[in-house]
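Here is structure_22.cif, consisting of mmCIF, C-alpha atoms:
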data_query
#
loop_
_atom_site.label_atom_id
_atom_site.label_comp_id
_atom_site.auth_asym_id
_atom_site.auth_seq_id
_atom_site.Cartn_x
_atom_site.Cartn_y
_atom_site.Cartn_z
CA MET A 1300 -45.24 -1.77 -64.38
CA GLU A 1301 -41.50 -1.29 -64.80
CA PRO A 1302 -40.18 -1.46 -68.37
CA GLY A 1303 -37.54 -3.85 -69.61
CA THR A 1304 -37.37 -7.44 -70.76
CA ALA A 1305 -37.24 -10.06 -68.02
CA ARG A 1306 -36.58 -13.73 -68.79
CA ILE A 1307 -37.89 -15.96 -66.02
CA ALA A 1308 -37.28 -19.70 -65.73
CA VAL A 1309 -40.37 -21.35 -64.23
CA ASP A 1310 -40.34 -24.76 -62.54
CA LEU A 1311 -43.50 -26.34 -63.96
CA LEU A 1312 -43.45 -29.27 -61.53
CA GLY A 1313 -42.92 -27.35 -58.28
CA GLY A 1314 -45.79 -27.10 -55.78
CA ASP A 1315 -48.56 -29.11 -54.18
CA ASP A 1316 -50.90 -28.72 -57.15
CA ALA A 1317 -48.36 -28.54 -59.96
CA PRO A 1318 -48.41 -28.42 -62.86
CA ALA A 1319 -51.96 -27.04 -63.17
CA VAL A 1320 -51.54 -24.03 -60.87
CA VAL A 1321 -48.12 -23.23 -62.31
CA VAL A 1322 -49.54 -23.21 -65.82
CA ASP A 1323 -52.38 -20.98 -64.63
CA GLY A 1324 -49.94 -18.59 -62.96
CA ALA A 1325 -47.64 -18.46 -65.95
CA LEU A 1326 -50.57 -17.65 -68.24
CA ARG A 1327 -51.67 -14.84 -65.93
CA ALA A 1328 -48.15 -13.44 -65.79
CA MET A 1329 -47.67 -13.55 -69.56
CA ARG A 1330 -50.94 -11.75 -70.23
CA ALA A 1331 -50.21 -9.06 -67.64
CA ASP A 1332 -46.64 -8.22 -68.69
CA PRO A 1333 -45.86 -7.62 -72.37
CA ASP A 1334 -42.10 -7.56 -71.68
CA LEU A 1335 -42.05 -10.89 -69.87
CA HIS A 1336 -40.34 -13.90 -71.43
CA LEU A 1337 -40.66 -17.35 -69.88
CA LEU A 1338 -38.43 -20.40 -70.01
CA LEU A 1339 -40.71 -23.28 -69.06
CA VAL A 1340 -38.83 -26.10 -67.34
CA GLY A 1341 -40.81 -29.32 -67.26
CA PRO A 1342 -42.52 -31.96 -69.40
CA ALA A 1343 -43.00 -30.89 -73.00
CA GLU A 1344 -46.69 -31.77 -73.00
CA VAL A 1345 -47.32 -29.49 -70.00
CA ALA A 1346 -45.46 -26.65 -71.66
CA ASP A 1347 -47.39 -27.23 -74.89
CA GLU A 1348 -50.65 -26.89 -72.98
CA LEU A 1349 -49.61 -23.47 -71.73
CA ILE A 1350 -48.27 -22.32 -75.09
CA GLY A 1351 -51.47 -23.45 -76.81
CA ALA A 1352 -53.50 -21.08 -74.64
CA LEU A 1353 -51.48 -18.03 -75.74
CA ASP A 1354 -51.90 -15.89 -78.80
CA PRO A 1355 -49.14 -15.97 -81.46
CA ALA A 1356 -47.38 -12.85 -80.18
CA GLN A 1357 -47.26 -14.24 -76.65
CA ARG A 1358 -46.03 -17.63 -77.85
CA ALA A 1359 -42.98 -15.93 -79.32
CA ARG A 1360 -41.98 -14.99 -75.77
CA VAL A 1361 -41.94 -18.57 -74.49
CA THR A 1362 -39.23 -21.21 -74.76
CA VAL A 1363 -39.16 -24.70 -73.30
CA ARG A 1364 -36.55 -26.85 -71.56
CA PRO A 1365 -38.03 -30.39 -71.44
CA VAL A 1366 -37.37 -32.04 -68.06
CA ARG A 1367 -39.41 -34.81 -66.47
CA ALA A 1368 -37.78 -35.30 -63.05
CA ALA A 1369 -39.16 -33.34 -60.09
CA VAL A 1370 -38.26 -33.08 -56.41
CA GLY A 1371 -41.20 -34.13 -54.23
CA MET A 1372 -42.32 -31.92 -51.37
CA ALA A 1373 -41.38 -34.62 -48.84
CA GLU A 1374 -38.05 -35.57 -50.44
CA ASN A 1375 -34.69 -34.65 -48.99
CA PRO A 1376 -33.32 -31.41 -50.50
CA VAL A 1377 -30.31 -33.29 -51.83
CA ALA A 1378 -32.76 -34.74 -54.36
CA ALA A 1379 -32.33 -31.44 -56.22
CA ARG A 1380 -30.12 -33.30 -58.65
CA ALA A 1381 -28.89 -32.02 -61.98
CA ASP A 1382 -31.74 -33.57 -64.00
CA SER A 1383 -34.58 -32.13 -61.86
CA THR A 1384 -36.73 -29.20 -62.92
CA VAL A 1385 -35.60 -26.95 -60.08
CA ARG A 1386 -31.91 -27.60 -60.66
CA THR A 1387 -32.32 -27.12 -64.41
CA ALA A 1388 -33.99 -23.75 -63.78
CA ALA A 1389 -31.05 -22.68 -61.60
CA THR A 1390 -28.61 -23.83 -64.27
CA ALA A 1391 -30.47 -21.78 -66.87
CA VAL A 1392 -29.92 -18.66 -64.76
CA ARG A 1393 -26.27 -19.53 -64.26
CA ASP A 1394 -25.76 -20.04 -67.99
CA GLY A 1395 -27.45 -16.77 -68.93
CA LEU A 1396 -30.48 -18.40 -70.55
CA ALA A 1397 -32.77 -16.80 -67.96
CA ASP A 1398 -32.49 -13.75 -65.74
CA ALA A 1399 -34.27 -15.25 -62.73
CA MET A 1400 -36.03 -18.41 -61.59
CA VAL A 1401 -39.31 -19.16 -59.79
CA SER A 1402 -40.39 -22.37 -58.07
CA ALA A 1403 -43.28 -23.31 -55.80
CA GLY A 1404 -41.68 -26.65 -54.98
CA SER A 1405 -39.77 -27.82 -51.92
CA THR A 1406 -38.13 -24.80 -50.32
CA GLY A 1407 -35.20 -26.88 -49.14
CA ALA A 1408 -34.65 -28.26 -52.63
CA THR A 1409 -34.93 -24.81 -54.20
CA VAL A 1410 -32.42 -23.31 -51.78
CA THR A 1411 -30.10 -26.27 -52.38
CA ALA A 1412 -30.45 -26.02 -56.16
CA ALA A 1413 -29.79 -22.27 -56.09
CA ALA A 1414 -26.76 -22.60 -53.82
CA LEU A 1415 -25.27 -25.43 -55.89
CA GLY A 1416 -26.20 -24.04 -59.29
CA LEU A 1417 -25.52 -20.34 -58.73
CA GLY A 1418 -23.15 -20.29 -55.77
CA ARG A 1419 -23.44 -18.24 -52.59
CA TRP A 1420 -22.17 -14.75 -52.00
CA PRO A 1421 -18.79 -14.70 -50.27
CA HIS A 1422 -19.16 -15.03 -46.49
CA VAL A 1423 -22.93 -15.63 -46.59
CA ARG A 1424 -23.14 -19.10 -45.06
CA ARG A 1425 -26.93 -19.16 -44.73
CA PRO A 1426 -29.05 -17.67 -47.54
CA ALA A 1427 -32.24 -16.03 -46.28
CA LEU A 1428 -35.80 -16.05 -47.60
CA VAL A 1429 -37.18 -12.52 -47.55
CA ALA A 1430 -40.89 -11.69 -47.56
CA THR A 1431 -42.45 -8.24 -47.71
CA LEU A 1432 -45.60 -7.67 -45.66
CA PRO A 1433 -48.02 -4.75 -45.94
CA ALA A 1434 -48.15 -2.58 -42.84
CA VAL A 1435 -49.95 0.58 -41.78
CA ALA A 1436 -46.84 2.76 -42.22
CA GLY A 1437 -45.47 1.03 -45.32
CA PRO A 1438 -43.93 -2.29 -46.35
CA VAL A 1439 -42.07 -4.33 -43.74
CA VAL A 1440 -39.35 -6.72 -44.84
CA LEU A 1441 -39.31 -9.95 -42.80
CA LEU A 1442 -36.44 -12.41 -42.84
CA ASP A 1443 -35.78 -15.27 -42.53
CA VAL A 1444 -39.06 -17.03 -43.36
CA GLY A 1445 -37.82 -20.57 -43.86
CA GLY A 1446 -34.28 -20.79 -45.19
CA SER A 1447 -32.31 -21.29 -41.96
CA LEU A 1448 -34.27 -22.79 -39.10
CA GLU A 1449 -31.72 -22.56 -36.30
CA PRO A 1450 -29.29 -19.70 -36.97
CA GLY A 1451 -26.76 -18.26 -34.56
CA PRO A 1452 -26.32 -14.56 -33.65
CA ALA A 1453 -23.75 -13.92 -36.38
CA THR A 1454 -26.12 -15.22 -39.06
CA LEU A 1455 -28.94 -13.02 -37.75
CA ALA A 1456 -26.55 -10.06 -37.97
CA ARG A 1457 -25.72 -10.94 -41.58
CA HIS A 1458 -29.41 -11.26 -42.34
CA ALA A 1459 -29.94 -7.79 -40.88
CA VAL A 1460 -27.45 -6.48 -43.44
CA LEU A 1461 -29.20 -8.41 -46.22
CA GLY A 1462 -32.61 -7.13 -45.16
CA ALA A 1463 -31.53 -3.50 -44.89
CA ALA A 1464 -30.00 -3.56 -48.37
CA TYR A 1465 -33.02 -5.36 -49.82
CA ALA A 1466 -35.48 -2.87 -48.31
CA ALA A 1467 -33.53 0.03 -49.80
CA VAL A 1468 -33.03 -1.50 -53.24
CA ALA A 1469 -36.27 -3.45 -53.81
CA HIS A 1470 -38.67 -1.08 -52.04
CA GLY A 1471 -36.90 2.27 -52.01
CA VAL A 1472 -36.90 2.53 -48.20
CA VAL A 1473 -34.73 5.45 -47.10
CA GLU A 1474 -32.51 4.78 -44.08
CA PRO A 1475 -34.17 1.47 -43.14
CA ARG A 1476 -34.86 0.79 -39.47
CA VAL A 1477 -33.91 -2.75 -38.49
CA GLY A 1478 -35.42 -4.61 -35.53
CA LEU A 1479 -34.97 -8.05 -33.97
CA LEU A 1480 -38.21 -9.94 -33.30
CA SER A 1481 -38.65 -10.91 -29.66
CA VAL A 1482 -41.25 -11.16 -26.89
CA GLY A 1483 -40.66 -7.64 -25.60
CA THR A 1484 -38.82 -4.47 -26.51
CA GLU A 1485 -36.76 -4.13 -23.34
CA ALA A 1486 -33.10 -5.17 -23.50
CA GLY A 1487 -32.58 -8.70 -22.23
CA LYS A 1488 -36.00 -9.95 -23.30
CA GLY A 1489 -36.29 -13.18 -25.24
CA ASP A 1490 -34.60 -16.56 -25.37
CA ARG A 1491 -30.87 -17.21 -25.40
CA LEU A 1492 -30.57 -16.61 -29.14
CA ARG A 1493 -32.35 -13.25 -28.96
CA ARG A 1494 -30.33 -12.13 -25.92
CA SER A 1495 -27.09 -13.03 -27.69
CA ALA A 1496 -28.10 -11.60 -31.06
CA ASP A 1497 -29.25 -8.20 -29.75
CA PRO A 1498 -25.75 -6.81 -29.02
CA THR A 1499 -24.39 -8.52 -32.14
CA LEU A 1500 -26.90 -6.71 -34.35
CA ALA A 1501 -26.25 -3.45 -32.49
CA ALA A 1502 -22.56 -3.68 -33.39
CA ALA A 1503 -23.06 -4.76 -37.02
CA PRO A 1504 -22.35 -2.12 -39.70
CA LEU A 1505 -25.47 -1.70 -41.83
CA PRO A 1506 -25.67 -0.44 -45.44
CA CYS A 1507 -27.89 2.31 -46.87
CA ALA A 1508 -27.69 4.44 -43.72
CA ALA A 1509 -29.77 1.81 -41.95
CA ARG A 1510 -29.87 1.73 -38.15
CA TYR A 1511 -30.65 -0.95 -35.63
CA VAL A 1512 -33.59 0.02 -33.39
CA GLY A 1513 -33.40 -2.96 -31.03
CA LEU A 1514 -36.03 -5.52 -30.11
CA VAL A 1515 -39.49 -5.37 -31.67
CA GLU A 1516 -42.67 -7.37 -31.13
CA GLY A 1517 -45.13 -9.06 -33.45
CA TYR A 1518 -47.55 -6.16 -33.65
CA ASP A 1519 -44.70 -3.91 -34.82
CA ILE A 1520 -44.73 -5.89 -38.06
CA ALA A 1521 -48.38 -5.02 -38.66
CA SER A 1522 -47.93 -1.35 -37.82
CA GLY A 1523 -44.56 -0.69 -39.45
CA LEU A 1524 -44.09 2.23 -37.09
CA ARG A 1525 -40.90 1.01 -35.38
CA ALA A 1526 -39.06 -0.99 -38.03
CA ASP A 1527 -38.87 -1.38 -41.81
CA VAL A 1528 -36.89 -4.64 -41.54
CA VAL A 1529 -37.58 -7.35 -38.96
CA VAL A 1530 -35.02 -10.12 -38.44
CA THR A 1531 -35.80 -13.52 -36.96
CA ASP A 1532 -34.93 -17.19 -37.37
CA GLY A 1533 -36.47 -19.12 -40.25
CA PHE A 1534 -38.65 -21.27 -38.00
CA THR A 1535 -40.28 -18.31 -36.25
CA GLY A 1536 -40.58 -16.31 -39.46
CA ASN A 1537 -42.27 -19.16 -41.30
CA VAL A 1538 -44.76 -19.76 -38.47
CA LEU A 1539 -45.48 -16.02 -38.23
CA LEU A 1540 -46.10 -15.71 -41.97
CA LYS A 1541 -48.57 -18.60 -41.97
CA ALA A 1542 -50.30 -17.28 -38.85
CA ILE A 1543 -50.85 -13.92 -40.55
CA GLU A 1544 -52.21 -15.73 -43.60
CA GLY A 1545 -54.61 -17.68 -41.40
CA ALA A 1546 -55.73 -14.54 -39.59
CA TYR A 1547 -56.62 -12.90 -42.91
CA ALA A 1548 -58.60 -15.99 -43.90
CA MET A 1549 -60.56 -15.87 -40.64
CA ALA A 1550 -61.25 -12.17 -41.18
CA GLY A 1551 -62.74 -12.83 -44.61
CA GLY A 1552 -59.70 -12.07 -46.72
CA PRO A 1553 -56.68 -9.78 -46.84
CA PRO A 1554 -56.97 -5.99 -46.59
CA PRO A 1555 -57.05 -3.88 -49.78
CA GLY A 1556 -53.32 -3.27 -49.56
CA GLY A 1557 -52.57 -6.99 -49.78
CA GLY A 1558 -52.13 -9.86 -47.38
CA ALA A 1559 -49.36 -12.21 -46.38
CA PRO A 1560 -47.07 -12.73 -49.37
CA ARG A 1561 -47.03 -16.20 -50.90
CA ALA A 1562 -43.66 -15.64 -52.56
CA ALA A 1563 -40.28 -14.69 -51.14
CA ALA A 1564 -36.90 -13.71 -52.56
CA LEU A 1565 -33.83 -15.76 -51.74
CA LEU A 1566 -30.90 -13.56 -50.72
CA GLY A 1567 -27.33 -14.75 -50.48
CA VAL A 1568 -27.02 -16.62 -53.77
CA ALA A 1569 -25.52 -15.27 -56.97
CA GLY A 1570 -28.75 -14.92 -58.91
CA THR A 1571 -32.37 -13.82 -58.66
CA VAL A 1572 -34.47 -16.59 -57.11
CA VAL A 1573 -38.09 -16.45 -55.94
CA VAL A 1574 -39.73 -19.22 -53.90
CA CYS A 1575 -43.54 -19.44 -53.94
CA HIS A 1576 -45.79 -20.94 -51.29
CA GLY A 1577 -46.00 -24.71 -51.70
CA ALA A 1578 -49.80 -24.41 -51.68
CA ALA A 1579 -49.73 -21.55 -54.16
CA ARG A 1580 -52.70 -20.84 -56.40
CA GLY A 1581 -52.44 -19.51 -59.92
CA GLU A 1582 -52.50 -15.88 -58.80
CA ASP A 1583 -49.76 -16.62 -56.27
CA VAL A 1584 -47.49 -18.09 -58.93
CA ALA A 1585 -48.19 -15.08 -61.14
CA SER A 1586 -47.25 -12.82 -58.22
CA GLY A 1587 -44.01 -14.74 -57.73
CA ILE A 1588 -43.13 -14.37 -61.41
CA ALA A 1589 -43.91 -10.65 -61.22
CA LEU A 1590 -41.67 -10.34 -58.15
CA ALA A 1591 -38.81 -12.07 -59.96
CA ALA A 1592 -39.23 -9.72 -62.93
CA HIS A 1593 -39.34 -6.69 -60.61
CA LEU A 1594 -36.15 -7.72 -58.83
CA TRP A 1595 -34.37 -8.37 -62.12
CA ARG A 1596 -35.43 -5.07 -63.65
CA ARG A 1597 -34.16 -3.21 -60.61
CA ARG A 1598 -30.96 -5.30 -60.69
CA ALA A 1599 -31.71 -5.89 -57.03
CA THR A 1600 -29.47 -8.92 -56.54
CA ASP A 1601 -26.41 -7.26 -58.07
CA THR A 1602 -27.03 -3.99 -56.25
CA VAL A 1603 -27.53 -5.67 -52.88
CA SER A 1604 -24.35 -7.70 -53.32
CA VAL A 1605 -22.39 -4.52 -54.09
CA LEU A 1606 -23.84 -2.79 -51.04
CA LEU A 1607 -22.79 -5.71 -48.85
CA GLY A 1608 -19.24 -5.48 -50.08
CA VAL A 1609 -19.14 -1.75 -49.35
CA SER A 1610 -20.80 -2.05 -45.95
CA GLY A 1611 -18.12 -4.24 -44.44
CA GLY A 1612 -20.79 -6.43 -42.87
CA VAL A 1613 -20.91 -9.18 -45.47
CA GLY A 1614 -19.21 -9.60 -48.79
CA PRO A 1615 -15.83 -9.81 -50.47
CA ALA A 1616 -14.36 -7.07 -48.26
CA ALA A 1617 -15.28 -8.70 -44.98
CA ALA A 1618 -14.37 -11.92 -43.22
CA PRO A 1619 -17.15 -14.04 -41.78
CA ALA A 1620 -17.79 -13.64 -38.09
CA PRO A 1621 -17.61 -16.97 -36.27
CA GLU A 1622 -20.58 -18.32 -34.39
CA THR A 1623 -19.01 -18.05 -30.93
CA SER A 1624 -22.08 -17.57 -28.77
CA ALA A 1625 -23.08 -21.22 -28.37
CA GLN A 1626 -23.03 -22.43 -24.79
CA PRO A 1627 -22.51 -26.02 -23.62
CA GLY A 1628 -25.54 -28.06 -24.57
CA GLU A 1629 -26.83 -25.39 -26.99
CA HIS A 1630 -27.70 -26.32 -30.56
CA THR A 1631 -25.51 -25.38 -33.48
CA GLU A 1632 -26.70 -23.83 -36.72
CA ARG A 1633 -28.83 -25.94 -39.03
CA THR A 1634 -30.16 -25.07 -42.43
CA THR A 1635 -33.39 -26.35 -43.87
CA ASP A 1636 -33.09 -30.12 -44.20
CA THR A 1637 -36.77 -30.87 -44.61
CA GLU A 1638 -39.53 -29.18 -46.54
CA VAL A 1639 -40.28 -25.74 -45.15
CA SER A 1640 -42.84 -24.28 -47.54
CA LEU A 1641 -43.48 -20.57 -47.33
#
Once more with this new file: its structure as structure tokens, please.
Amino acid sequence: MEPGTARIAVDLLGGDDAPAVVVDGALRAMRADPDLHLLLVGPAEVADELIGALDPAQRARVTVRPVRAAVGMAENPVAARADSTVRTAATAVRDGLADAMVSAGSTGATVTAAALGLGRWPHVRRPALVATLPAVAGPVVLLDVGGSLEPGPATLARHAVLGAAYAAVAHGVVEPRVGLLSVGTEAGKGDRLRRSADPTLAAAPLPCAARYVGLVEGYDIASGLRADVVVTDGFTGNVLLKAIEGAYAMAGGPPPGGGAPRAAALLGVAGTVVVCHGAARGEDVASGIALAAHLWRRRATDTVSVLLGVSGGVGPAAAPAPETSAQPGEHTERTTDTEVSL
């Protein structure tokens, strides 16, 4: 485990089975990491239940922000108002009371709360949810897995930059290989979005000596032999992630190296944010808290943002590329406006 104090704000009311599973996950995380400090955001009586299960030394590492309002899984993301648990957690990060935040609640509400409370990176219009999957040849970073359902080619190119930087910073991947998920590897394969995005990604400057390897297929994610970073739209990525999870369940459980992640990092906002699966269990919430602590200790968010500015692809030094590929009758970009749990 990496050393260093990490202060994580935890949304106690986020998730299908909150607060019980969140309390369970927070307890697991506290007992596993002696340098972890938690800011519990939720009803005082729920926080007291968690604190009462800790020993005195562990209790000293927990503070509470009493909040009773929660955003329901079926509510519109705009319900992430200032007095909700998820928005309060984001505000705590913004105000320096916490280093990162974790929620298993509505993904749309969490993304909205993070964007409003923390702000987006310059020229990143659509933040991306990034999941890391185990593969035969090493970890594969998959994005987007639910943040932007209908992106355009320029957004996919920006997400390629985000994913390359994240793979290098969070996982130590040297010279990441970036691929675009499609139905075949030959040029011209795929739907209109994939056909338009392929040359856009090929022309995009990538950080960390990353290179675009072209189109990849689903089995390339499991093997990891062709790409370290796989870019797709949030709808496809979310469906793929859940299909992998279901396949592991049918096979009797995930492999020893781990299964489909039930927590993802949100890239493109000015803070460290982790979104857990809406149906997360206690161990999943603990894993999400551990991921948030890992990213903070590696200063991943700050480092990725610096790399984006240097790369010229996204950041303060670059102007946003317009979404010019839409044809008559084609949809325009749309972010998550309903619940899209991981």
Exercise. If I put a ball of radius 6 Å at (-51.8, -22.1, -69.2) in the file's coordinates, which residues poke into it when counting only C-alpha atoms, written as a list in words?
Worked result: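 Checked against the point, the hits come out as Val1322, Asp1323, Leu1326, Leu1349 and Ala1352 of chain A.
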Problem set entry | Å distance separating CA of Arg1358 in chain A from CA of Gly1570 in chain A, one decimal place |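 CA of Arg1358 in chain A sits 25.8 Å away from CA of Gly1570 in chain A.
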Problem set entry | Nearby residues, (-36.4, -6.1, -71.4) file frame, 8 Å, all atoms listed in the file, as JSON, numbers by chain | {"A": [1302, 1303, 1304, 1305, 1334, 1335, 1596]}
For this session: For range 1458-1465 of chain A, work out the shell of residues within 6 Å, counting all atoms listed in the file and skipping chain neighbours fewer than 5 positions away, then give it as an NGL selection string.
Result: :A and (1475 or 1505 or 1603)
Exercise. Hey, what comes out of the PyMOL selection byres ((chain A and resi 1486-1497) around 7) on this file? Could you write it as an MDAnalysis selection string?
Worked result: chainID A and resid 1451:1452 1455 1481:1485 1498:1501 1513 1624
Go ahead and write the residues just picked, C-alpha atoms, as a tab-separated table (two decimals), in the frame of the given file.
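Wrote it out as out25.tsv, contents follow:
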chain	number	residue	atom	x	y	z
A	1451	GLY	CA	-26.76	-18.26	-34.56
A	1452	PRO	CA	-26.32	-14.56	-33.65
A	1455	LEU	CA	-28.94	-13.02	-37.75
A	1481	SER	CA	-38.65	-10.91	-29.66
A	1482	VAL	CA	-41.25	-11.16	-26.89
A	1483	GLY	CA	-40.66	-7.64	-25.60
A	1484	THR	CA	-38.82	-4.47	-26.51
A	1485	GLU	CA	-36.76	-4.13	-23.34
A	1498	PRO	CA	-25.75	-6.81	-29.02
A	1499	THR	CA	-24.39	-8.52	-32.14
A	1500	LEU	CA	-26.90	-6.71	-34.35
A	1501	ALA	CA	-26.25	-3.45	-32.49
A	1513	GLY	CA	-33.40	-2.96	-31.03
A	1624	SER	CA	-22.08	-17.57	-28.77
Which residues are near Val1573 in chain A? Cut-off 7 Å, all atoms listed in the file, ignore same chain within fewer than 2 positions. Put them as an mmCIF file with C-alpha atoms, keeping the file's coordinate frame.
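part-v8.cif, freshly written:
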data_model
loop_
_atom_site.group_PDB
_atom_site.id
_atom_site.type_symbol
_atom_site.label_atom_id
_atom_site.label_comp_id
_atom_site.auth_asym_id
_atom_site.auth_seq_id
_atom_site.Cartn_x
_atom_site.Cartn_y
_atom_site.Cartn_z
ATOM 1 C CA MET A 1400 -36.030 -18.410 -61.590
ATOM 2 C CA VAL A 1401 -39.310 -19.160 -59.790
ATOM 3 C CA SER A 1402 -40.390 -22.370 -58.070
ATOM 4 C CA ALA A 1562 -43.660 -15.640 -52.560
ATOM 5 C CA ALA A 1563 -40.280 -14.690 -51.140
ATOM 6 C CA ALA A 1564 -36.900 -13.710 -52.560
ATOM 7 C CA LEU A 1565 -33.830 -15.760 -51.740
ATOM 8 C CA THR A 1571 -32.370 -13.820 -58.660
ATOM 9 C CA CYS A 1575 -43.540 -19.440 -53.940
ATOM 10 C CA GLY A 1587 -44.010 -14.740 -57.730
ATOM 11 C CA ALA A 1591 -38.810 -12.070 -59.960
#
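CA of Leu1312 in chain A sits 8.4 Å away from CA of Pro1342 in chain A.
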Exercise. Got a sec: who's within 6 Å of Ala1403 in chain A, counting all atoms listed in the file, leaving out chain neighbours fewer than 3 positions off, as a PyMOL selection string?
Worked result: chain A and resi 1313-1314+1574-1577
Evaluate the PyMOL selection byres ((chain A and resi 1437) around 10) on the structure here and hand back the selected residues as an mmCIF file with C-alpha atoms, in the frame of the given file.
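To be explicit, this is the file written out as result.cif:
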data_model
loop_
_atom_site.group_PDB
_atom_site.id
_atom_site.type_symbol
_atom_site.label_atom_id
_atom_site.label_comp_id
_atom_site.auth_asym_id
_atom_site.auth_seq_id
_atom_site.Cartn_x
_atom_site.Cartn_y
_atom_site.Cartn_z
ATOM 1 C CA LEU A 1432 -45.600 -7.670 -45.660
ATOM 2 C CA PRO A 1433 -48.020 -4.750 -45.940
ATOM 3 C CA ALA A 1434 -48.150 -2.580 -42.840
ATOM 4 C CA VAL A 1435 -49.950 0.580 -41.780
ATOM 5 C CA ALA A 1436 -46.840 2.760 -42.220
ATOM 6 C CA PRO A 1438 -43.930 -2.290 -46.350
ATOM 7 C CA VAL A 1439 -42.070 -4.330 -43.740
ATOM 8 C CA VAL A 1440 -39.350 -6.720 -44.840
ATOM 9 C CA HIS A 1470 -38.670 -1.080 -52.040
ATOM 10 C CA VAL A 1472 -36.900 2.530 -48.200
ATOM 11 C CA ALA A 1521 -48.380 -5.020 -38.660
ATOM 12 C CA SER A 1522 -47.930 -1.350 -37.820
ATOM 13 C CA GLY A 1523 -44.560 -0.690 -39.450
ATOM 14 C CA LEU A 1524 -44.090 2.230 -37.090
ATOM 15 C CA ALA A 1526 -39.060 -0.990 -38.030
ATOM 16 C CA ASP A 1527 -38.870 -1.380 -41.810
ATOM 17 C CA GLY A 1556 -53.320 -3.270 -49.560
#
Exercise. Care to translate the PyMOL selection byres ((chain A and resi 1315) around 12) into actual residues of this file, as a PyMOL selection string?
Worked result: chain A and resi 1311-1314+1316-1321+1369-1373+1402-1406+1575-1581+1638+1640
Exercise. Looking at A:Ala1388, A:Gly1533, A:Val1538, A:Ala1399, which one is nearest to Leu1415 in chain A, with distances taken over all atoms listed in the file?
Worked result: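 Closest to Leu1415 in chain A, using all atoms listed in the file: A:Ala1388.
Proximity ranking of A:Ala1548, A:Ala1589, A:Leu1442, A:Ala1456 relative to Ile1520 in chain A places A:Leu1442 first, based on only C-alpha atoms.
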Seminar exercise, completed: Using all atoms listed in the file, the residue out of A:Ala1391, A:Ala1542, A:Thr1411, A:Glu1474 with shortest distance to Ala1509 in chain A is A:Glu1474
Exercise. Mind pulling up the distance from CA of Leu1594 in chain A to CA of Gly1478 in chain A?
Worked result: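 Separation of CA of Gly1478 in chain A and CA of Leu1594 in chain A: 23.5 Å.
Among the candidate residues A:Val1584, A:Gly1416, A:Val1345, A:Leu1514, the one lying nearest to Val1528 in chain A is A:Leu1514, with distances computed using all atoms listed in the file.
With only C-alpha atoms taken into account, the protein and nucleic acid residues at most 8 Å from Gly1341 in chain A (excluding it and anything under 3 positions from it in its own chain) are Asp1310, Leu1311, Leu1312, Val1345, Ala1346, Val1363, Arg1364, Pro1365, Val1366, Arg1367, Ala1368 and Thr1384 of chain A.
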I need the residues from that last selection saved to file as a PDB file, in the frame of the given file (with C-alpha atoms), if you can.
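Below is the file result-v3.pdb, written as the result:
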ATOM      1  CA  ASP A1310     -40.340 -24.760 -62.540  1.00  0.00           C
ATOM      2  CA  LEU A1311     -43.500 -26.340 -63.960  1.00  0.00           C
ATOM      3  CA  LEU A1312     -43.450 -29.270 -61.530  1.00  0.00           C
ATOM      4  CA  VAL A1345     -47.320 -29.490 -70.000  1.00  0.00           C
ATOM      5  CA  ALA A1346     -45.460 -26.650 -71.660  1.00  0.00           C
ATOM      6  CA  VAL A1363     -39.160 -24.700 -73.300  1.00  0.00           C
ATOM      7  CA  ARG A1364     -36.550 -26.850 -71.560  1.00  0.00           C
ATOM      8  CA  PRO A1365     -38.030 -30.390 -71.440  1.00  0.00           C
ATOM      9  CA  VAL A1366     -37.370 -32.040 -68.060  1.00  0.00           C
ATOM     10  CA  ARG A1367     -39.410 -34.810 -66.470  1.00  0.00           C
ATOM     11  CA  ALA A1368     -37.780 -35.300 -63.050  1.00  0.00           C
ATOM     12  CA  THR A1384     -36.730 -29.200 -62.920  1.00  0.00           C
TER      13      THR A1384
END
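Distance annotation: of A:Ala1412, A:Ala1331, A:Ile1350, A:Val1444, the residue with the minimal separation from Ala1427 in chain A is A:Val1444; atom set is all atoms listed in the file.
Residue nearest His1593 in chain A, chosen from A:Leu1417, A:Ala1359, A:Ala1569, A:Ala1469 and counting only C-alpha atoms: A:Ala1469.
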Incomplete range 1366-1370 of chain A brought to N, CA, C and O atoms, written out as a compact mmCIF listing (two decimals), in the frame of the given file:
# COMPACT_ATOMS: atom_id res chain seq x y z
N VAL A 1366 -37.92 -31.30 -69.20
CA VAL A 1366 -37.37 -32.04 -68.06
C VAL A 1366 -38.53 -32.78 -67.40
O VAL A 1366 -39.60 -32.21 -67.20
N ARG A 1367 -38.31 -34.03 -67.03
CA ARG A 1367 -39.41 -34.81 -66.47
C ARG A 1367 -39.25 -35.08 -64.97
O ARG A 1367 -40.21 -35.40 -64.28
N ALA A 1368 -38.03 -34.96 -64.46
CA ALA A 1368 -37.78 -35.30 -63.05
C ALA A 1368 -38.12 -34.11 -62.15
O ALA A 1368 -37.76 -32.97 -62.45
N ALA A 1369 -38.81 -34.39 -61.05
CA ALA A 1369 -39.16 -33.34 -60.09
C ALA A 1369 -38.74 -33.78 -58.69
O ALA A 1369 -38.58 -34.97 -58.42
N VAL A 1370 -38.56 -32.80 -57.81
CA VAL A 1370 -38.26 -33.08 -56.41
C VAL A 1370 -39.57 -33.01 -55.63
O VAL A 1370 -40.23 -31.97 -55.62
